[in-house]
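K.L.:
The structure under discussion is supplied below as structure tokens; questions concerning it will follow.
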Amino acid sequence: MMTFRLRTVLTAISLCFLTFAWAGEDGVIRILGVGNSFTVNSEKFLPQIVSADPEIKAVIAGAIIGGCPLDKHVALAKAHEADPEKGKAYNYKIDGKHQKGGASLKEILEDQAWDYVTIQQVSTKSYKPETYTPYTQELVEYIRKYAPQAEIVIHETWSHSVNSYRATNWKLDPREMYQKLHAAYGAIAEEFDLRVIPVGTSFERARATEMWDEQPVEIDVNALNYPEEKDQLPALKNSLNRVFYWKKNKDGKWSVGCDGYHAGQSGEYLGGLVWYAFFFEKDPRELTYKPDSLTEEQAASLREVAFQTVFESLEPTDKSSSSEEK
């Protein structure tokens with residue numbers, strides 16, 4: 001049997017000159033991400049990236065429910081089929097702009113002639129292969145029913161930061177989490193003959209470089225006092241995730257919040273670059289757009305990682321063998 005990695009690479013190569021032929025009569029490529037906040041993360045900068053390329057016309061949309069796993073998508077779809085007044089739980093966004101709240105997945109699938117529809121598992125279940133069955137098949141069948149013209153694609157999500165409470169409190173090693181989620185996504189890709197957007201792999205590849213090699217913090221951030229020490233939170237400029245931040249509690253007191261699983265702006269940019277390279281078969285290293293929060297060196301590094309992940313190898317490299325400049 002052809003391996004997941006080889007099959008994905010060969011499929012990508014074979015589609016190199018066909019992608020634009022799949023666009024609608026108006027030349028617009030329409031992409032719908034069905035998912036949660038991780039979908040929002042990867043799509044965050046994609047409209048700006050696309051706008052910076054005059055050769056591309058695209059609609060980047062999302063059918064979003066925060067923290068939504070595959071089984072919930074299926075449950076909502078079934079509820080809506082049984083009763084059209086139920087299952088209306090989605091926020092519908094186009095190019096990052098809110099279109100409608102309380103929409104059903106069916107309504108969104110039928111709203112436009114989507115060229116691609118992406119699916120994913122929620123992060124907290126992504127590394128647990130038993131959570132994908134039978135829901136992947138049911139969701140794929142539902143999408144094919146109401147958007148038969150679309151190619152269904154898997155959005156590979158990423159592992160958590162080494163400084164996430166999920167890594168520390170849950171004893172969930174990010175490297176092990178990546179290996180498990182990568183295998184789980186690969187298994188369903190193989191089973192249902194779906195291509196994979198390798199965002200999670202790009203995160204892992206970036207972390208193998210010096211620039212994005214985030215290390216565990218050595219200070220107790222919860223011991224910091226606000227506002228005297230508000231500027232002493234670890235900056236973690238080499239993290240692809242949003243990690244530490246100040247938050248105001250209901251009693252009006254400030255404390256340190258810890259995320260570490262959502263992407264930060266660097267991770268959002270990397271996700272957008274991978275989607276750009278994957279869907280439009282173009283070299284992300286030629287892009288000029290970057291978020292203002294990133295330096296030119298950081299942006300160039302992420303463009304290179306995206307290129308290598310999509311076009312050269314789907315496997316992360318060891319830090320010692322990385323081509324990343326020191």
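In the structure tokens, the first chain shown is A, the next is B, and so on; residue numbers restart at 1 for each chain, and ligands run from 1 in the order shown.
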When DSSP works through the backbone of this structure, what residues of stretch 44-267 of chain A end up as alpha helix (DSSP H), shown as a ChimeraX atom specification?
P.N.:
/A:46-51,70-82,105-109,135-146,165-168,174-192,199-207,265-267
K.L.:
Sorted by chain and rising residue number, which residues of stretch 289-310 of chain A lie within 12 Å of stretch 234-237 of chain A, and what are their closest atom pairs and distances in Å to one decimal, counting only C-alpha atoms, as JSON lines?
P.N.:
```
{"residue": "A:Ser293", "atom": "CA", "partner": "A:Lys237", "partner_atom": "CA", "distance": 10.0}
{"residue": "A:Leu294", "atom": "CA", "partner": "A:Lys237", "partner_atom": "CA", "distance": 9.3}
{"residue": "A:Thr295", "atom": "CA", "partner": "A:Lys237", "partner_atom": "CA", "distance": 10.5}
{"residue": "A:Gln298", "atom": "CA", "partner": "A:Lys237", "partner_atom": "CA", "distance": 9.7}
```
K.L.:
What does the structure give for the distance between atom CA of A:Gln179 and atom CA of A:Lys125, in Å to one decimal?
P.N.:
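That distance, rounded to one decimal, is 13.4 Å.
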K.L.:
Atom CA of A:Tyr142 and atom CA of A:Val74 are how many Å apart?
P.N.:
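These atoms are spaced 8.3 Å apart.
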K.L.:
Which value, in Å to one decimal, gives the distance between atom CA of A:Ile94 and atom CA of A:Leu302?
P.N.:
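About the pair atom CA of A:Ile94 and atom CA of A:Leu302: they are 24.8 Å apart.
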